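Pasted below: start.cif, mmCIF, C-alpha atoms.
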data_work
loop_
_atom_site.label_atom_id
_atom_site.label_comp_id
_atom_site.auth_asym_id
_atom_site.auth_seq_id
_atom_site.Cartn_x
_atom_site.Cartn_y
_atom_site.Cartn_z
CA MET A 1 -17.01 -41.88 -93.21
CA ASN A 2 -15.64 -45.16 -91.94
CA PRO A 3 -16.44 -45.95 -88.30
CA ASP A 4 -12.84 -46.23 -87.18
CA HIS A 5 -12.05 -42.75 -88.42
CA GLU A 6 -15.19 -41.41 -86.78
CA HIS A 7 -14.22 -42.98 -83.42
CA LYS A 8 -10.83 -41.30 -83.56
CA ARG A 9 -12.47 -37.96 -84.33
CA THR A 10 -14.83 -38.34 -81.38
CA LEU A 11 -11.91 -39.11 -79.08
CA ARG A 12 -9.82 -36.24 -80.41
CA GLN A 13 -12.60 -33.66 -80.12
CA GLY A 14 -13.55 -34.97 -76.69
CA ALA A 15 -9.94 -34.67 -75.56
CA SER A 16 -9.57 -31.15 -76.91
CA ALA A 17 -12.64 -30.12 -74.93
CA ALA A 18 -11.50 -31.94 -71.80
CA TRP A 19 -7.91 -30.73 -71.43
CA PRO A 20 -8.66 -27.61 -69.36
CA ILE A 21 -10.59 -29.82 -66.92
CA CYS A 22 -7.74 -32.33 -66.75
CA LEU A 23 -5.21 -29.56 -66.18
CA GLY A 24 -7.31 -28.22 -63.35
CA TYR A 25 -8.08 -31.60 -61.80
CA PHE A 26 -4.47 -32.67 -61.52
CA PRO A 27 -3.30 -30.32 -58.73
CA ILE A 28 -6.60 -30.67 -56.87
CA GLY A 29 -6.42 -34.46 -57.08
CA LEU A 30 -2.82 -34.39 -55.87
CA ALA A 31 -3.81 -32.18 -52.95
CA LEU A 32 -6.66 -34.51 -52.05
CA GLY A 33 -4.32 -37.51 -52.16
CA VAL A 34 -1.82 -35.78 -49.87
CA LEU A 35 -4.52 -34.83 -47.36
CA ALA A 36 -6.00 -38.31 -47.43
CA GLN A 37 -2.62 -39.87 -46.83
CA LYS A 38 -2.04 -37.50 -43.90
CA ALA A 39 -5.46 -38.47 -42.53
CA GLY A 40 -4.30 -42.08 -42.52
CA LEU A 41 -5.99 -43.45 -45.66
CA PRO A 42 -3.93 -46.04 -47.56
CA TRP A 43 -3.46 -45.39 -51.29
CA TRP A 44 -5.89 -48.15 -52.29
CA ALA A 45 -8.61 -46.55 -50.20
CA VAL A 46 -7.99 -43.26 -52.04
CA ALA A 47 -8.29 -45.15 -55.35
CA LEU A 48 -11.49 -46.85 -54.20
CA MET A 49 -12.94 -43.52 -53.13
CA SER A 50 -12.12 -41.78 -56.43
CA VAL A 51 -13.66 -44.63 -58.44
CA LEU A 52 -16.85 -44.94 -56.38
CA VAL A 53 -17.23 -41.24 -55.53
CA PHE A 54 -16.20 -39.04 -58.45
CA ALA A 55 -16.92 -35.77 -56.64
CA GLY A 56 -14.00 -33.60 -55.57
CA SER A 57 -15.64 -31.39 -52.99
CA ALA A 58 -17.41 -34.30 -51.29
CA GLN A 59 -14.11 -36.21 -51.18
CA PHE A 60 -12.30 -33.30 -49.50
CA ILE A 61 -15.09 -33.07 -46.93
CA CYS A 62 -14.96 -36.82 -46.38
CA VAL A 63 -11.22 -36.73 -45.67
CA ALA A 64 -11.66 -33.83 -43.25
CA MET A 65 -14.54 -35.60 -41.51
CA LEU A 66 -12.60 -38.88 -41.27
CA ALA A 67 -9.67 -36.99 -39.73
CA ALA A 68 -12.12 -35.49 -37.23
CA GLY A 69 -13.52 -38.92 -36.40
CA ALA A 70 -16.98 -38.53 -37.95
CA SER A 71 -19.31 -41.55 -38.36
CA THR A 72 -20.08 -43.21 -41.71
CA PRO A 73 -23.77 -42.11 -41.79
CA ALA A 74 -22.76 -38.49 -41.08
CA ILE A 75 -20.27 -38.51 -43.96
CA VAL A 76 -22.74 -40.13 -46.38
CA LEU A 77 -25.46 -37.63 -45.49
CA THR A 78 -23.07 -34.69 -45.92
CA THR A 79 -22.03 -36.06 -49.31
CA PHE A 80 -25.66 -36.20 -50.36
CA VAL A 81 -26.30 -32.58 -49.36
CA VAL A 82 -23.11 -31.32 -51.01
CA ASN A 83 -23.96 -33.11 -54.26
CA LEU A 84 -27.59 -32.00 -54.51
CA ARG A 85 -26.50 -29.26 -56.90
CA HIS A 86 -25.96 -31.97 -59.50
CA VAL A 87 -29.75 -32.46 -59.64
CA LEU A 88 -29.90 -29.06 -61.33
CA MET A 89 -27.01 -29.84 -63.68
CA SER A 90 -28.41 -33.23 -64.74
CA SER A 91 -31.80 -31.64 -65.34
CA ALA A 92 -30.24 -28.98 -67.56
CA LEU A 93 -28.29 -31.66 -69.48
CA ALA A 94 -31.49 -33.69 -69.99
CA VAL A 95 -32.66 -31.00 -72.43
CA TYR A 96 -29.87 -32.13 -74.79
CA LEU A 97 -30.14 -35.87 -74.09
CA GLN A 98 -33.78 -36.41 -74.97
CA ARG A 99 -34.78 -39.99 -75.83
CA VAL A 100 -31.25 -41.31 -75.33
CA ASN A 101 -31.31 -44.89 -74.04
CA ARG A 102 -31.23 -45.45 -70.31
CA ALA A 103 -28.05 -47.53 -70.27
CA PHE A 104 -26.15 -44.63 -71.82
CA LEU A 105 -27.70 -42.15 -69.40
CA ALA A 106 -26.85 -44.37 -66.43
CA LEU A 107 -23.20 -44.39 -67.51
CA TYR A 108 -23.19 -40.71 -68.42
CA ALA A 109 -24.61 -39.69 -65.02
CA TYR A 110 -21.53 -41.12 -63.28
CA GLY A 111 -19.33 -38.42 -64.82
CA VAL A 112 -21.50 -35.34 -64.26
CA THR A 113 -19.32 -32.93 -62.28
CA ASP A 114 -19.39 -29.13 -62.07
CA GLU A 115 -16.64 -28.98 -64.66
CA SER A 116 -17.80 -31.62 -67.15
CA PHE A 117 -21.32 -30.20 -66.92
CA ALA A 118 -20.13 -26.69 -67.74
CA VAL A 119 -17.95 -27.79 -70.67
CA ASN A 120 -20.48 -30.20 -72.19
CA LEU A 121 -23.49 -27.95 -71.79
CA THR A 122 -21.64 -25.10 -73.49
CA ARG A 123 -20.69 -27.38 -76.39
CA PHE A 124 -24.20 -28.84 -76.71
CA ARG A 125 -25.63 -25.37 -76.91
CA GLU A 126 -23.14 -24.23 -79.54
CA GLY A 127 -24.01 -27.28 -81.66
CA GLY A 128 -21.75 -29.81 -83.38
CA TRP A 129 -21.55 -31.79 -80.15
CA ASP A 130 -22.98 -35.22 -79.42
CA ARG A 131 -23.38 -37.55 -76.49
CA TRP A 132 -20.32 -39.65 -77.34
CA ARG A 133 -18.03 -36.63 -77.33
CA ALA A 134 -19.64 -35.55 -74.07
CA LEU A 135 -19.08 -39.01 -72.57
CA THR A 136 -15.43 -38.85 -73.67
CA VAL A 137 -15.03 -35.59 -71.74
CA ASN A 138 -16.56 -37.17 -68.63
CA HIS A 139 -14.34 -40.22 -68.69
CA LEU A 140 -11.08 -38.46 -69.54
CA ALA A 141 -11.70 -36.12 -66.62
CA ASN A 142 -12.48 -39.12 -64.43
CA ALA A 143 -9.32 -40.97 -65.48
CA VAL A 144 -7.15 -37.95 -64.71
CA TRP A 145 -8.90 -37.44 -61.38
CA ILE A 146 -8.35 -41.04 -60.26
CA THR A 147 -4.71 -40.97 -61.38
CA ALA A 148 -4.03 -37.63 -59.68
CA THR A 149 -5.55 -38.63 -56.34
CA ILE A 150 -3.55 -41.88 -56.27
CA CYS A 151 -0.35 -39.99 -57.21
CA GLY A 152 -1.10 -37.56 -54.41
CA ALA A 153 -1.49 -40.36 -51.89
CA LEU A 154 1.79 -41.99 -53.01
CA VAL A 155 4.17 -39.13 -53.79
CA GLY A 156 2.16 -35.92 -53.31
CA GLN A 157 4.23 -34.56 -50.46
CA PHE A 158 7.20 -34.10 -52.82
CA VAL A 159 5.33 -31.87 -55.30
CA PRO A 160 5.85 -28.11 -54.82
CA GLN A 161 2.74 -26.10 -54.02
CA GLY A 162 1.25 -23.65 -56.52
CA ALA A 163 3.68 -24.32 -59.39
CA LEU A 164 2.93 -22.37 -62.61
CA GLY A 165 -0.36 -20.96 -61.34
CA ILE A 166 -2.01 -24.30 -61.96
CA ASP A 167 -4.30 -23.72 -58.96
CA TYR A 168 -6.07 -21.12 -61.08
CA ALA A 169 -6.86 -23.44 -64.01
CA LEU A 170 -10.42 -24.27 -62.99
CA THR A 171 -11.23 -20.68 -61.99
CA GLY A 172 -9.99 -19.52 -65.41
CA MET A 173 -12.08 -22.20 -67.09
CA PHE A 174 -15.22 -21.24 -65.18
CA ILE A 175 -14.71 -17.56 -66.06
CA CYS A 176 -14.54 -18.37 -69.76
CA LEU A 177 -17.50 -20.78 -69.64
CA LEU A 178 -19.48 -18.08 -67.85
CA VAL A 179 -18.65 -15.69 -70.70
CA PHE A 180 -19.94 -18.29 -73.20
CA GLN A 181 -23.24 -18.40 -71.31
CA LEU A 182 -23.85 -14.65 -71.58
CA GLN A 183 -26.07 -14.71 -74.65
CA GLY A 184 -28.21 -11.69 -73.98
CA ARG A 185 -29.31 -9.24 -71.34
CA LEU A 186 -31.45 -11.79 -69.49
CA TYR A 187 -28.43 -14.07 -69.01
CA ILE A 188 -26.23 -11.21 -67.80
CA VAL A 189 -28.89 -10.13 -65.29
CA THR A 190 -29.33 -13.72 -64.07
CA GLY A 191 -25.56 -14.16 -63.72
CA LEU A 192 -25.19 -10.93 -61.73
CA LEU A 193 -28.14 -11.88 -59.52
CA ALA A 194 -26.63 -15.31 -58.86
CA ALA A 195 -23.25 -13.74 -58.02
CA ALA A 196 -24.74 -11.29 -55.52
CA LEU A 197 -27.10 -13.85 -54.00
CA SER A 198 -24.41 -16.52 -53.67
CA VAL A 199 -21.99 -14.16 -51.92
CA ALA A 200 -24.70 -12.96 -49.51
CA TRP A 201 -25.93 -16.53 -48.94
CA TYR A 202 -22.37 -17.78 -48.39
CA LEU A 203 -21.71 -15.08 -45.80
CA LEU A 204 -25.00 -15.48 -43.93
CA ILE A 205 -25.78 -19.21 -44.02
CA PRO A 206 -23.25 -21.86 -42.96
CA GLY A 207 -22.70 -24.91 -45.15
CA ASP A 208 -22.80 -25.30 -48.91
CA SER A 209 -26.44 -24.49 -49.66
CA TYR A 210 -25.38 -21.23 -51.34
CA ILE A 211 -24.71 -22.89 -54.71
CA VAL A 212 -28.12 -24.54 -55.09
CA GLY A 213 -29.99 -21.78 -53.25
CA ALA A 214 -28.54 -18.82 -55.12
CA SER A 215 -28.66 -20.42 -58.57
CA MET A 216 -32.28 -21.56 -58.20
CA CYS A 217 -33.37 -18.14 -56.91
CA ALA A 218 -31.50 -16.29 -59.67
CA ALA A 219 -32.84 -18.58 -62.43
CA THR A 220 -36.38 -18.22 -61.08
CA ILE A 221 -36.15 -14.42 -60.97
CA GLY A 222 -34.66 -14.44 -64.48
CA TYR A 223 -37.47 -16.67 -65.70
CA LEU A 224 -40.15 -14.44 -64.15
CA LEU A 225 -38.49 -11.37 -65.69
CA LYS A 226 -38.56 -13.05 -69.09
CA ARG A 227 -42.25 -13.93 -68.77
CA HIS A 228 -43.10 -10.46 -67.55
CA TYR A 229 -41.19 -8.90 -70.44
CA ARG A 230 -42.92 -11.16 -72.98
CA ARG A 231 -46.37 -10.30 -71.63
CA GLY A 232 -45.58 -6.59 -71.55
CA ARG A 233 -45.05 -6.49 -75.29
CA MET B 234 -10.43 -48.92 -40.86
CA SER B 235 -10.61 -52.24 -42.71
CA PHE B 236 -11.34 -52.79 -46.39
CA SER B 237 -15.01 -53.53 -45.69
CA ASP B 238 -15.34 -50.35 -43.58
CA TYR B 239 -13.97 -48.30 -46.47
CA LEU B 240 -16.18 -50.14 -48.97
CA LEU B 241 -19.28 -49.39 -46.89
CA LEU B 242 -18.36 -45.71 -46.49
CA PHE B 243 -17.40 -45.09 -50.12
CA GLY B 244 -20.29 -47.22 -51.41
CA GLY B 245 -22.70 -45.08 -49.41
CA MET B 246 -21.03 -41.88 -50.58
CA GLY B 247 -21.06 -43.21 -54.13
CA LEU B 248 -24.83 -43.71 -54.02
CA ALA B 249 -25.31 -40.28 -52.45
CA THR B 250 -23.28 -38.86 -55.34
CA TYR B 251 -24.71 -40.95 -58.17
CA LEU B 252 -28.44 -40.73 -57.48
CA PRO B 253 -28.72 -36.91 -57.67
CA ARG B 254 -26.85 -37.10 -60.99
CA ALA B 255 -28.72 -40.05 -62.50
CA LEU B 256 -32.37 -39.70 -61.45
CA PRO B 257 -33.08 -36.32 -63.13
CA LEU B 258 -31.42 -37.51 -66.37
CA LEU B 259 -33.26 -40.85 -66.40
CA TYR B 260 -36.56 -39.18 -65.57
CA LEU B 261 -36.46 -36.05 -67.70
CA ALA B 262 -34.83 -37.45 -70.85
CA HIS B 263 -37.87 -39.63 -71.59
CA ARG B 264 -40.60 -37.13 -70.92
CA LYS B 265 -41.88 -34.21 -72.90
CA MET B 266 -40.56 -31.33 -70.83
CA PRO B 267 -42.85 -28.31 -70.49
CA GLN B 268 -41.51 -25.19 -72.22
CA GLY B 269 -41.52 -23.31 -68.92
CA LEU B 270 -39.14 -25.86 -67.39
CA ILE B 271 -36.85 -25.72 -70.44
CA ASP B 272 -36.75 -21.91 -70.24
CA TRP B 273 -35.97 -22.06 -66.52
CA LEU B 274 -33.28 -24.72 -67.03
CA SER B 275 -31.65 -22.64 -69.77
CA LEU B 276 -30.84 -20.05 -67.07
CA ILE B 277 -29.41 -22.63 -64.66
CA PRO B 278 -25.89 -22.87 -66.21
CA VAL B 279 -25.17 -19.14 -66.02
CA ALA B 280 -26.62 -19.05 -62.50
CA ILE B 281 -24.61 -22.06 -61.27
CA LEU B 282 -21.35 -20.84 -62.80
CA SER B 283 -21.83 -17.45 -61.13
CA ALA B 284 -22.74 -19.04 -57.81
CA LEU B 285 -19.66 -21.29 -57.96
CA LEU B 286 -17.31 -18.44 -58.91
CA ALA B 287 -18.50 -15.37 -57.03
CA PRO B 288 -17.92 -16.58 -53.45
CA SER B 289 -14.42 -17.83 -54.37
CA LEU B 290 -13.55 -14.38 -55.77
CA PHE B 291 -15.28 -12.05 -53.31
CA THR B 292 -14.96 -13.85 -49.97
CA GLU B 293 -12.25 -15.20 -47.70
CA SER B 294 -13.07 -18.86 -47.10
CA ALA B 295 -11.06 -19.19 -43.87
CA THR B 296 -13.07 -16.47 -42.09
CA ARG B 297 -16.12 -16.60 -44.38
CA SER B 298 -16.05 -12.81 -44.75
CA LEU B 299 -16.28 -10.32 -47.61
CA ALA B 300 -12.97 -9.50 -49.34
CA PHE B 301 -12.33 -7.26 -52.36
CA GLY B 302 -8.55 -7.50 -52.60
CA LYS B 303 -7.90 -11.20 -53.19
CA LEU B 304 -5.40 -12.16 -55.86
CA GLU B 305 -8.07 -14.48 -57.31
CA LEU B 306 -10.29 -11.44 -57.93
CA LEU B 307 -7.51 -9.20 -59.27
CA VAL B 308 -6.51 -11.90 -61.76
CA ALA B 309 -10.15 -12.57 -62.66
CA VAL B 310 -10.59 -9.07 -64.16
CA PRO B 311 -7.99 -9.33 -66.97
CA THR B 312 -8.90 -13.03 -67.41
CA LEU B 313 -12.55 -12.07 -67.92
CA ILE B 314 -11.61 -9.35 -70.42
CA PHE B 315 -9.42 -11.83 -72.29
CA ALA B 316 -12.30 -14.33 -72.39
CA LEU B 317 -14.73 -11.68 -73.65
CA LYS B 318 -12.31 -10.54 -76.39
CA THR B 319 -11.01 -13.89 -77.62
CA ARG B 320 -13.73 -16.39 -76.59
CA SER B 321 -10.94 -18.94 -76.36
CA LEU B 322 -11.29 -21.45 -73.52
CA GLY B 323 -7.74 -22.79 -73.65
CA GLY B 324 -6.24 -19.32 -73.99
CA THR B 325 -8.25 -18.02 -71.06
CA VAL B 326 -7.15 -20.90 -68.83
CA LEU B 327 -3.48 -20.31 -69.70
CA VAL B 328 -3.69 -16.51 -69.31
CA GLY B 329 -5.41 -16.92 -65.94
CA MET B 330 -2.74 -19.36 -64.76
CA LEU B 331 0.11 -17.16 -65.97
CA LEU B 332 -1.28 -14.03 -64.31
CA TYR B 333 -2.01 -15.90 -61.08
CA TRP B 334 1.50 -17.32 -61.06
CA LEU B 335 3.13 -13.93 -61.73
CA GLY B 336 0.75 -12.25 -59.27
CA GLY B 337 1.71 -14.74 -56.58
CA MET B 338 5.34 -13.62 -56.84
CA PHE B 339 4.60 -9.94 -56.26
CA TYR B 340 1.36 -9.93 -54.31
#
Could I get this structure in the form of structure tokens?
Amino acid sequence: MNPDHEHKRTLRQGASAAWPICLGYFPIGLALGVLAQKAGLPWWAVALMSVLVFAGSAQFICVAMLAAGASTPAIVLTTFVVNLRHVLMSSALAVYLQRVNRAFLALYAYGVTDESFAVNLTRFREGGWDRWRALTVNHLANAVWITATICGALVGQFVPQGALGIDYALTGMFICLLVFQLQGRLYIVTGLLAAALSVAWYLLIPGDSYIVGASMCAATIGYLLKRHYRRGR
Amino acid sequence: MSFSDYLLLFGGMGLATYLPRALPLLYLAHRKMPQGLIDWLSLIPVAILSALLAPSLFTESATRSLAFGKLELLVAVPTLIFALKTRSLGGTVLVGMLLYWLGGMFY
């Protein structure tokens, strides 16, 4: 196949995997832009933030903390804690990116978000997916995110809230990606454990540690169950 | 805040975001990973997706309390069934949005 044709195919398949993320990012990015503008950030600061910090939840927290008058070190430290969950996601992705050169990995790491992780990992596992298609997903999502946050800062206050149920796009996507992950009883048990643990953790412990805490506990219990089951036979 | 204040803040946040994403990839992709770690990591996606979803469906974020009647949860049930039946990502996203939109009018 000629390389030009192959490039187009990579872009097309990357885009067809990325569109649910883009659809979901747009209203969230708009909302972030509106909040940031209300908190007194100029549009170029919103653009700078979205380029340097491609992490929605950390950006929302940053805007809230800026509005509350928090210090720079406090905001940076909070960002670090909120984004620790990506250690788990990058580790899981490393299984499919063995022996890939470091320059590629350094670029790829920039775009690892909850959403791009979930979409790419599902595709890698199903097969027929490669790192270039995965990188396309990351960067399309990033481009939409940056655009949406800037739009939000400039004209966001004129956009009606909740139009067409678009606020549910990412929830719907996560539900379907969760279904794709259920490849046997062990996965169903682990998923149910993580759901119960995360809800309990969320209710009992303030902050955002519930995502990392509950998923590590559930995966560990699932892993021990698997080992126990293997030995038992 | 001036441009350099913003640059310092977002630069710091950028590092705090980038390093947790980059270091595990750079470290693990060039080492032979033990089978136990691979097995454990294979359970991480399902666990993380559940841990991201469940609190948003079963709790009220404003009061951080348990809730079983949220529209998000009611819509999640048919959306989940649709996903299980069709295994279509795009279709599931659109069905979820449509139901959430319709639900918002009556709920």
- [ ] Go through B:Leu282, B:Phe236, B:Tyr251, B:Pro267 and flag the residue nearest Ala195 in chain A, using only C-alpha atoms for the distances.
- [x] B:Leu282
TODO: Point out the residue among A:Arg12, A:His86, A:Arg133, A:His5 with the least atom-to-atom distance to chain B, counting all atoms listed in the file.
DONE: A:His86
TODO: Can you pull out every residue within 6 Å of Phe80 in chain A, counting all atoms listed in the file, but drop anything in the same chain fewer than 3 positions away, and send it as a PyMOL selection string?
DONE: (chain A and resi 77+83) or (chain B and resi 249)
Task: Picked residues, the PyMOL selection byres ((chain A) within 6 of (chain B)), expected as a ChimeraX atom specification - done: /A:49,52-53,72,76,80,83-84,86-87,90-92,94,97-99,109,164-166,168-169,172-173,176,181,191,194-195,198-199,203,211,215,219,223
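Restricting the calculation to only C-alpha atoms, the smallest distance between Gly14 in chain A and any of A:Arg85, A:Arg123, A:Lys38, A:Arg102 is found for A:Arg123.
Here CA of Leu193 in chain A stands at a distance of 21.8 Å from CA of Val82 in chain A.
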TODO: Figure out the distance between CA of Tyr340 in chain B and CA of Leu306 in chain B, please, to one decimal in Å.
DONE: 12.3 Å
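Atom pair CA of Gly29 in chain A / CA of Val137 in chain A has a distance of 17.0 Å (rounded to one decimal).
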- [ ] Pick out the residues sitting within 10 Å of Ala67 in chain A, and hand them over as an MDAnalysis selection string; count all atoms listed in the file, and ignore anything fewer than 2 positions along from it in its own chain.
- [x] chainID A and resid 35:36 38:41 61:65 69:70
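All protein, DNA and RNA residues at most 7 Å from (-7.6, -25.7, -58.8) are Gly24, Tyr25, Pro27, Ile28, Ile166, Asp167, Tyr168, Ala169, Leu170 and Thr171 of chain A, using all atoms listed in the file.
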Open item on the list: Would you pick out the contacts of range 142-150 of chain A at 12 Å or less, using only C-alpha atoms, so that residues sharing its chain but fewer than 2 positions from it are not included, and give the list as a PyMOL selection string?
Closed with: chain A and resi 15+18-37+41-56+59-60+108+110-113+115-116+135-140+152-156+159
TODO: Take the PyMOL selection byres ((chain A and resi 225) around 12), apply it to the structure above, and return the hits as a list in words.
DONE: Arg185, Leu186, Tyr187, Val189, Thr190, Ala218, Ala219, Thr220, Ile221, Gly222, Tyr223, Leu224, Lys226, Arg227, His228, Tyr229, Arg230, Arg231 and Gly232 of chain A; Asp272, Trp273 and Leu276 of chain B
